[in-house]
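What follows is the content of final18.csv (CSV, C-alpha atoms and all ligand atoms).
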```csv
chain,number,residue,atom,x,y,z
Z,931,MET,CA,30.6,-38.3,-3.3
Z,932,THR,CA,27.2,-37.4,-4.5
Z,933,ARG,CA,25.9,-37.5,-1.0
Z,934,TRP,CA,28.6,-35.1,0.2
Z,935,PHE,CA,27.8,-32.8,-2.7
Z,936,LEU,CA,24.1,-32.7,-1.9
Z,937,LEU,CA,24.9,-32.1,1.8
Z,938,LEU,CA,27.2,-29.2,0.9
Z,939,ALA,CA,24.6,-27.8,-1.6
Z,940,ALA,CA,21.9,-28.0,1.1
Z,941,LEU,CA,24.1,-26.1,3.6
Z,942,VAL,CA,25.2,-23.4,1.1
Z,943,TRP,CA,21.9,-22.9,-0.8
Z,944,PRO,CA,20.2,-20.9,1.9
Z,945,LEU,CA,23.2,-18.6,2.1
Z,946,THR,CA,23.4,-18.1,-1.6
Z,947,ALA,CA,19.6,-17.7,-1.8
Z,948,ALA,CA,19.8,-14.9,0.9
Z,949,ALA,CA,22.8,-13.3,-0.9
Z,950,ASP,CA,20.8,-13.3,-4.1
Z,951,ASN,CA,18.0,-11.4,-2.5
Z,952,PRO,CA,18.4,-7.8,-3.9
Z,953,TYR,CA,16.2,-6.2,-1.2
Z,954,GLU,CA,17.9,-4.5,1.8
Z,955,LEU,CA,15.2,-4.0,4.3
Z,956,THR,CA,15.9,-2.3,7.6
Z,957,PRO,CA,13.1,-2.2,10.1
Z,958,LYS,CA,12.4,1.2,11.7
Z,959,GLN,CA,10.9,1.1,15.2
Z,960,VAL,CA,8.0,3.5,15.4
Z,961,ALA,CA,6.4,2.5,18.7
Z,962,ASP,CA,6.8,-0.2,21.4
Z,963,ASN,CA,7.2,-3.6,19.6
Z,964,THR,CA,6.2,-1.9,16.3
Z,965,TYR,CA,8.3,-1.6,13.2
Z,966,VAL,CA,8.0,-0.3,9.7
Z,967,PHE,CA,9.9,-0.9,6.5
Z,968,VAL,CA,9.7,2.5,4.8
Z,969,GLY,CA,9.7,2.5,1.0
Z,970,ALA,CA,11.0,5.0,-1.5
Z,971,LEU,CA,8.8,8.0,-2.6
Z,972,GLU,CA,9.0,6.9,-6.2
Z,973,HIS,CA,7.2,5.1,-9.0
Z,974,PHE,CA,7.9,1.4,-9.6
Z,975,SER,CA,11.3,1.0,-11.4
Z,976,TYR,CA,14.0,-1.6,-12.1
Z,977,ASP,CA,16.2,0.4,-9.8
Z,978,ASN,CA,14.0,0.5,-6.7
Z,979,LEU,CA,12.8,-3.1,-7.1
Z,980,GLY,CA,9.3,-2.0,-6.5
Z,981,ASN,CA,10.1,-1.1,-3.0
Z,982,ILE,CA,8.0,2.1,-2.8
Z,983,VAL,CA,5.6,0.9,-0.1
Z,984,ASN,CA,5.5,0.9,3.7
Z,985,THR,CA,5.0,-2.5,5.3
Z,986,GLY,CA,5.1,-3.2,9.0
Z,987,PHE,CA,5.0,-5.7,11.9
Z,988,ILE,CA,4.1,-5.9,15.5
Z,989,VAL,CA,6.0,-8.2,17.9
Z,990,THR,CA,3.5,-9.5,20.4
Z,991,ASP,CA,3.9,-12.0,23.2
Z,992,ASP,CA,2.4,-14.7,21.1
Z,993,GLY,CA,4.2,-14.0,17.8
Z,994,VAL,CA,4.5,-11.4,15.1
Z,995,VAL,CA,1.7,-9.7,13.2
Z,996,VAL,CA,2.7,-8.6,9.7
Z,997,ILE,CA,0.9,-5.7,7.9
Z,998,ASP,CA,1.3,-6.0,4.1
Z,999,THR,CA,3.9,-8.1,2.4
Z,1000,GLY,CA,5.4,-5.8,-0.3
Z,1001,PRO,CA,5.7,-6.0,-4.1
Z,1002,SER,CA,7.4,-9.4,-4.7
Z,1003,ARG,CA,8.2,-12.8,-3.3
Z,1004,LEU,CA,11.8,-11.8,-2.7
Z,1005,TYR,CA,10.7,-8.7,-0.8
Z,1006,GLY,CA,8.5,-10.9,1.4
Z,1007,GLU,CA,11.4,-13.2,2.0
Z,1008,ALA,CA,13.7,-10.3,2.9
Z,1009,MET,CA,11.0,-9.0,5.2
Z,1010,ARG,CA,10.8,-12.3,7.0
Z,1011,GLU,CA,14.5,-12.4,7.4
Z,1012,ALA,CA,14.6,-8.9,8.8
Z,1013,ILE,CA,11.8,-9.7,11.2
Z,1014,ALA,CA,13.9,-12.7,12.4
Z,1015,GLY,CA,16.7,-10.3,13.1
Z,1016,VAL,CA,14.4,-8.5,15.6
Z,1017,THR,CA,12.7,-11.4,17.3
Z,1018,ASP,CA,12.8,-15.1,17.4
Z,1019,LYS,CA,9.1,-15.3,17.8
Z,1020,PRO,CA,7.2,-16.8,14.8
Z,1021,VAL,CA,5.0,-14.9,12.4
Z,1022,VAL,CA,1.5,-15.8,13.4
Z,1023,GLN,CA,-0.8,-13.5,11.4
Z,1024,VAL,CA,-0.6,-11.4,8.2
Z,1025,TYR,CA,-3.1,-8.7,7.2
Z,1026,ILE,CA,-3.3,-7.2,3.8
Z,1027,THR,CA,-4.7,-3.6,3.6
Z,1028,HIS,CA,-5.9,-3.7,0.0
Z,1029,HIS,CA,-5.5,-5.4,-3.4
Z,1030,HIS,CA,-2.8,-3.2,-4.9
Z,1031,PRO,CA,0.2,-5.3,-6.0
Z,1032,ASP,CA,2.9,-3.5,-4.0
Z,1033,HIS,CA,1.0,-4.4,-0.8
Z,1034,TYR,CA,0.4,-8.1,-1.2
Z,1035,LEU,CA,2.8,-9.8,-3.8
Z,1036,GLY,CA,5.1,-10.9,-1.0
Z,1037,ASN,CA,2.4,-13.2,0.3
Z,1038,GLN,CA,4.3,-16.3,-0.9
Z,1039,ALA,CA,6.9,-15.8,1.8
Z,1040,PHE,CA,4.1,-16.1,4.4
Z,1041,ALA,CA,2.2,-19.0,2.8
Z,1042,ASP,CA,2.4,-20.9,6.1
Z,1043,VAL,CA,0.5,-18.2,8.0
Z,1044,ASP,CA,-3.1,-17.0,8.0
Z,1045,ILE,CA,-3.3,-14.1,5.6
Z,1046,GLY,CA,-6.3,-11.9,6.4
Z,1047,ALA,CA,-8.0,-9.3,4.3
Z,1048,LEU,CA,-11.5,-7.9,3.7
Z,1049,SER,CA,-13.7,-9.9,1.4
Z,1050,GLY,CA,-13.6,-7.2,-1.3
Z,1051,THR,CA,-9.8,-7.4,-1.3
Z,1052,ILE,CA,-9.8,-11.1,-1.7
Z,1053,GLU,CA,-12.3,-11.0,-4.5
Z,1054,GLN,CA,-10.2,-8.4,-6.4
Z,1055,ILE,CA,-7.0,-10.4,-6.0
Z,1056,ARG,CA,-8.7,-13.5,-7.2
Z,1057,ALA,CA,-10.1,-11.7,-10.2
Z,1058,ILE,CA,-7.2,-9.6,-11.4
Z,1059,GLY,CA,-4.2,-10.7,-9.4
Z,1060,ALA,CA,-2.5,-12.4,-12.4
Z,1061,ASP,CA,-2.8,-9.3,-14.5
Z,1062,LEU,CA,-1.5,-7.1,-11.6
Z,1063,THR,CA,1.5,-9.4,-11.3
Z,1064,THR,CA,2.3,-9.4,-15.0
Z,1065,ASN,CA,2.2,-5.6,-14.9
Z,1066,MET,CA,4.7,-5.6,-12.0
Z,1067,TYR,CA,7.1,-7.8,-14.0
Z,1068,ASN,CA,7.0,-5.2,-16.7
Z,1069,LEU,CA,7.6,-2.3,-14.3
Z,1070,VAL,CA,10.1,-3.9,-11.9
Z,1071,GLY,CA,11.9,-6.6,-13.9
Z,1072,GLY,CA,14.1,-9.3,-12.3
Z,1073,ALA,CA,13.3,-8.5,-8.7
Z,1074,MET,CA,9.9,-10.1,-9.4
Z,1075,ARG,CA,11.3,-13.5,-10.3
Z,1076,GLY,CA,9.4,-16.3,-8.7
Z,1077,THR,CA,6.5,-14.0,-7.8
Z,1078,GLU,CA,2.9,-15.3,-8.2
Z,1079,SER,CA,-0.3,-13.7,-7.0
Z,1080,LEU,CA,-1.3,-15.6,-3.8
Z,1081,PRO,CA,-4.8,-14.5,-2.6
Z,1082,PRO,CA,-5.3,-13.9,1.2
Z,1083,THR,CA,-6.6,-17.1,2.9
Z,1084,GLN,CA,-8.7,-15.6,5.7
Z,1085,GLU,CA,-11.6,-13.2,5.4
Z,1086,VAL,CA,-11.7,-10.6,8.2
Z,1087,THR,CA,-14.8,-8.9,9.5
Z,1088,ALA,CA,-14.8,-5.2,9.2
Z,1089,GLY,CA,-15.0,-3.5,12.6
Z,1090,SER,CA,-13.9,-6.6,14.5
Z,1091,ARG,CA,-11.3,-6.6,17.2
Z,1092,VAL,CA,-8.7,-9.3,17.7
Z,1093,THR,CA,-6.2,-9.6,20.6
Z,1094,VAL,CA,-2.9,-11.2,19.7
Z,1095,GLY,CA,-0.3,-11.6,22.4
Z,1096,GLY,CA,-1.6,-8.6,24.4
Z,1097,HIS,CA,-2.1,-6.3,21.4
Z,1098,GLU,CA,-5.7,-5.3,20.8
Z,1099,LEU,CA,-6.1,-4.7,17.1
Z,1100,GLU,CA,-9.2,-3.1,15.6
Z,1101,LEU,CA,-9.8,-4.1,11.9
Z,1102,ILE,CA,-11.4,-1.0,10.4
Z,1103,GLY,CA,-13.1,-1.7,7.1
Z,1104,MET,CA,-13.4,1.4,4.9
Z,1105,GLN,CA,-13.5,2.4,1.2
Z,1106,GLY,CA,-12.3,5.1,-1.1
Z,1107,HIS,CA,-8.7,4.4,-2.2
Z,1108,THR,CA,-10.2,1.1,-3.4
Z,1109,GLY,CA,-13.5,-0.7,-2.9
Z,1110,ALA,CA,-12.1,-2.4,0.3
Z,1111,ASP,CA,-9.5,-0.7,2.4
Z,1112,LEU,CA,-8.4,-2.2,5.7
Z,1113,ALA,CA,-7.0,0.1,8.4
Z,1114,ILE,CA,-5.6,-1.4,11.5
Z,1115,LEU,CA,-5.6,0.4,14.8
Z,1116,ASP,CA,-3.4,-1.1,17.6
Z,1117,HIS,CA,-5.2,0.1,20.7
Z,1118,THR,CA,-2.3,-1.1,22.8
Z,1119,THR,CA,0.3,1.2,21.3
Z,1120,GLY,CA,-2.0,3.7,19.5
Z,1121,VAL,CA,-0.4,3.0,16.1
Z,1122,LEU,CA,-2.7,3.3,13.2
Z,1123,PHE,CA,-1.7,1.5,10.0
Z,1124,ALA,CA,-3.8,3.4,7.5
Z,1125,GLY,CA,-2.7,1.5,4.3
Z,1126,ASP,CA,-3.2,3.7,1.2
Z,1127,LEU,CA,-6.1,5.6,2.6
Z,1128,ALA,CA,-3.3,8.0,3.7
Z,1129,PHE,CA,-0.2,9.2,1.8
Z,1130,LEU,CA,2.4,11.6,3.1
Z,1131,ASN,CA,4.7,13.7,0.9
Z,1132,ARG,CA,3.9,11.3,-2.0
Z,1133,THR,CA,1.1,12.0,-4.4
Z,1134,PRO,CA,-1.9,9.8,-3.8
Z,1135,THR,CA,-2.8,7.2,-6.5
Z,1136,THR,CA,-6.3,7.0,-7.8
Z,1137,PRO,CA,-6.7,4.1,-10.3
Z,1138,ASN,CA,-9.5,2.5,-8.2
Z,1139,ALA,CA,-10.6,5.5,-6.2
Z,1140,ASP,CA,-14.0,6.7,-5.4
Z,1141,MET,CA,-13.0,10.3,-4.7
Z,1142,THR,CA,-16.0,11.5,-2.6
Z,1143,THR,CA,-16.1,8.3,-0.6
Z,1144,TRP,CA,-12.3,8.6,0.1
Z,1145,VAL,CA,-12.6,12.1,1.3
Z,1146,GLU,CA,-15.4,11.1,3.7
Z,1147,THR,CA,-13.5,8.1,4.9
Z,1148,LEU,CA,-10.5,10.3,5.7
Z,1149,HIS,CA,-12.8,12.6,7.7
Z,1150,THR,CA,-14.0,9.5,9.7
Z,1151,LEU,CA,-10.5,8.3,10.2
Z,1152,SER,CA,-9.4,11.7,11.4
Z,1153,GLN,CA,-11.9,11.4,14.3
Z,1154,ARG,CA,-10.2,8.3,15.6
Z,1155,GLU,CA,-7.7,8.6,18.5
Z,1156,PHE,CA,-4.2,7.4,17.6
Z,1157,THR,CA,-0.6,8.4,18.5
Z,1158,THR,CA,1.3,7.4,15.4
Z,1159,LEU,CA,0.2,7.1,11.8
Z,1160,VAL,CA,1.8,4.7,9.3
Z,1161,PRO,CA,0.7,5.8,5.8
Z,1162,GLY,CA,0.8,3.4,2.9
Z,1163,HIS,CA,3.5,5.6,1.3
Z,1164,GLY,CA,5.6,8.3,3.0
Z,1165,PRO,CA,7.1,8.9,6.4
Z,1166,VAL,CA,5.6,7.7,9.7
Z,1167,ARG,CA,4.6,10.6,12.0
Z,1168,ASP,CA,3.1,11.1,15.5
Z,1169,ASP,CA,0.3,13.2,14.1
Z,1170,ALA,CA,-2.5,13.2,11.6
Z,1171,GLU,CA,-0.7,15.1,8.9
Z,1172,ALA,CA,-0.9,12.2,6.4
Z,1173,ILE,CA,-4.7,12.3,6.6
Z,1174,ALA,CA,-4.9,16.0,6.4
Z,1175,GLN,CA,-2.6,16.2,3.4
Z,1176,THR,CA,-4.3,13.3,1.5
Z,1177,GLN,CA,-7.7,14.9,2.1
Z,1178,ALA,CA,-6.5,18.3,1.0
Z,1179,TYR,CA,-4.9,16.9,-2.2
Z,1180,LEU,CA,-7.9,14.8,-3.2
Z,1181,SER,CA,-10.4,17.6,-2.5
Z,1182,TRP,CA,-8.3,20.0,-4.7
Z,1183,LEU,CA,-8.0,17.3,-7.4
Z,1184,TRP,CA,-11.7,16.7,-7.5
Z,1185,ARG,CA,-12.6,20.4,-7.6
Z,1186,ASN,CA,-10.0,21.1,-10.2
Z,1187,LEU,CA,-11.1,18.4,-12.6
Z,1188,ASN,CA,-14.8,19.2,-12.2
Z,1189,ALA,CA,-14.0,22.9,-12.9
Z,1190,ALA,CA,-11.9,22.0,-15.9
Z,1191,ALA,CA,-14.7,19.9,-17.3
Z,1192,GLY,CA,-17.1,22.8,-16.6
Z,1193,HIS,CA,-14.9,25.1,-18.7
Z,1194,GLY,CA,-14.8,22.6,-21.5
Z,1195,LEU,CA,-11.1,21.7,-21.3
Z,1196,ASP,CA,-10.1,18.5,-23.1
Z,1197,MET,CA,-7.9,15.9,-21.4
Z,1198,PRO,CA,-4.5,17.0,-22.8
Z,1199,GLU,CA,-5.2,20.5,-21.7
Z,1200,VAL,CA,-6.0,19.4,-18.2
Z,1201,MET,CA,-2.9,17.3,-18.1
Z,1202,MET,CA,-0.7,20.2,-19.1
Z,1203,GLN,CA,-2.0,22.6,-16.5
Z,1204,ALA,CA,0.5,24.3,-14.2
Z,1205,LEU,CA,0.0,22.7,-10.8
Z,1206,PRO,CA,-0.3,24.9,-7.7
Z,1207,TYR,CA,2.8,25.7,-5.7
Z,1208,ARG,CA,1.3,24.0,-2.6
Z,1209,TRP,CA,1.9,20.6,-4.1
Z,1210,ARG,CA,5.5,21.1,-4.9
Z,1211,GLY,CA,6.6,19.0,-2.0
Z,1212,LEU,CA,4.7,15.9,-3.2
Z,1213,ALA,CA,6.9,13.3,-4.8
Z,1214,VAL,CA,6.0,12.2,-8.3
Z,1215,ILE,CA,3.3,15.0,-8.5
Z,1216,VAL,CA,3.4,15.6,-12.3
Z,1217,PRO,CA,3.2,12.0,-13.6
Z,1218,GLU,CA,0.7,11.0,-10.8
Z,1219,PHE,CA,-1.5,14.0,-11.5
Z,1220,ARG,CA,-1.6,13.1,-15.2
Z,1221,ARG,CA,-2.3,9.4,-14.3
Z,1222,SER,CA,-5.3,10.6,-12.2
Z,1223,VAL,CA,-6.6,12.8,-15.0
Z,1224,SER,CA,-6.5,9.8,-17.3
Z,1225,HIS,CA,-8.4,7.7,-14.7
Z,1226,LEU,CA,-10.9,10.2,-13.5
Z,1227,TYR,CA,-11.5,12.8,-16.3
Z,1228,PRO,CA,-13.5,10.7,-18.8
Z,1229,ASP,CA,-16.3,10.1,-16.2
Z,1230,ILE,CA,-16.2,13.7,-14.9
Z,1231,GLU,CA,-16.5,15.0,-18.5
Z,1232,ALA,CA,-19.4,12.7,-19.2
Z,1233,ASP,CA,-21.2,13.8,-16.0
Z,1234,VAL,CA,-20.7,17.5,-16.8
Z,1235,LEU,CA,-21.7,17.1,-20.5
Z,1236,GLU,CA,-24.8,14.9,-19.8
Z,1237,PRO,CA,-27.2,17.7,-18.6
Z,1238,VAL,CA,-26.1,19.9,-21.6
Z,1239,ALA,CA,-26.8,17.1,-24.0
Z,1240,GLY,CA,-30.2,16.5,-22.3
Z,1241,GLN,CA,-31.2,20.1,-23.0
Z,1242,LYS,CA,-31.0,19.6,-26.7
F,1301,ZN,ZN,-2.9,1.3,-3.1
```
Any chance you could give the structure as structure tokens?
Amino acid sequence: MTRWFLLLAALVWPLTAAADNPYELTPKQVADNTYVFVGALEHFSYDNLGNIVNTGFIVTDDGVVVIDTGPSRLYGEAMREAIAGVTDKPVVQVYITHHHPDHYLGNQAFADVDIGALSGTIEQIRAIGADLTTNMYNLVGGAMRGTESLPPTQEVTAGSRVTVGGHELELIGMQGHTGADLAILDHTTGVLFAGDLAFLNRTPTTPNADMTTWVETLHTLSQREFTTLVPGHGPVRDDAEAIAQTQAYLSWLWRNLNAAAGHGLDMPEVMMQALPYRWRGLAVIVPEFRRSVSHLYPDIEADVLEPVAGQK
């Protein structure tokens, strides 16, 4: 009797486990053998389950390469199931673009695979991964259940090229959005996975940004040849609009905040500014602008005030 029950439970459990998974992920093909799960243009919430990010995968002759694993263990599991609906090839490699939690907290679902990242990304995840995870539980709630921070297991060399099943992938190491940003250019299809170096129609986030470096990085990235760009957040397009838009917004933000500090505005005054009409199309512009002011303005104010103080 007990044996039959256990057998039944073993058969039914995977079905109920899958049914319990709240994520509904549909892969969108963006190029030959290349798919993206496009996230919502929103902030983290209980309603969107933290699914506000783009993740992707490439089906090669030797197996599947996954780029970013999403905001939670269940997202990673849903991703793996959706991949299995496209191909019966195994997942053979995962790359993580940077240490932000919406990009890597699905790693547990890929614990049997090499998970590659830049050394700076691995260091950050080891140092603050537990805190990032706790914060995500607060923002997203039950969809995070069972999620733990699993650091990448493989350090990739910036600038290296790897060939997986006929796809030549260039691992481009850059900085700006964070201290370690990995962009992946598939020379076989021309698809550039830009991670959060590029946003489209969604306001860029700046909690770990070096603004001048980021703008320079985008200029460098814009010189590269590619046919399709997958931004970290926002629609996939066959042009460089995500780079141009991110660059324009960051340049404006930096100029605006420096000018405000020069005029002696305090932080609440800067936050309450009317924003230019040109950014009306960016999702979550008002809260994200205010978040950027809170991150960036104290240092800008200090830099502007320092020479004045020095004259006294
Ligand atoms: Zn990010």
Ligand ZN 1301 (chain F) neighbours within 7 Å using only C-alpha atoms and all ligand atoms, as a list in words: His1028, His1030, His1107, Asp1126 and Thr1135 of chain Z
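Using all atoms listed in the file, the smallest distance between any of Z:Thr1119, Z:Gln1023, Z:Gln1038, Z:Thr1108 and Ser1079 (chain Z) comes from Z:Gln1038.
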Would you write out, as JSON lines, a table of all residues in region 1049-1071 of chain Z that have an atom no more than 10 Å from an atom of region 998-1007 of chain Z, listing for each the closest atom pair and the distance in Å to one decimal, considering all atoms listed in the file and ordering rows by chain and rising residue number?
```
{"residue": "Z:Thr1063", "atom": "CA", "partner": "Z:Ser1002", "partner_atom": "CA", "distance": 8.9}
{"residue": "Z:Met1066", "atom": "CA", "partner": "Z:Pro1001", "partner_atom": "CA", "distance": 8.0}
{"residue": "Z:Tyr1067", "atom": "CA", "partner": "Z:Ser1002", "partner_atom": "CA", "distance": 9.4}
{"residue": "Z:Val1070", "atom": "CA", "partner": "Z:Pro1001", "partner_atom": "CA", "distance": 9.2}
```
From the list Z:Thr1027, Z:Asn1138, Z:Thr1118, Z:Thr1064, the nearest residue to Leu1101 (chain Z) using all atoms listed in the file is Z:Thr1027
Can you tell me, as a tab-separated table (two decimals) with C-alpha atoms, in the frame of the given file, what residues are no more than 8 Å from Pro1082 (chain Z) when counting only C-alpha atoms, ignoring any on the same chain fewer than 6 positions away?
```tsv
chain	number	residue	atom	x	y	z
Z	1026	ILE	CA	-3.30	-7.20	3.80
Z	1037	ASN	CA	2.40	-13.20	0.30
Z	1044	ASP	CA	-3.10	-17.00	8.00
Z	1045	ILE	CA	-3.30	-14.10	5.60
Z	1046	GLY	CA	-6.30	-11.90	6.40
Z	1047	ALA	CA	-8.00	-9.30	4.30
Z	1052	ILE	CA	-9.80	-11.10	-1.70
```
Gap from CA of His973 (chain Z) to CA of His1149 (chain Z) - Å, one decimal: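 The value is 27.1 Å.
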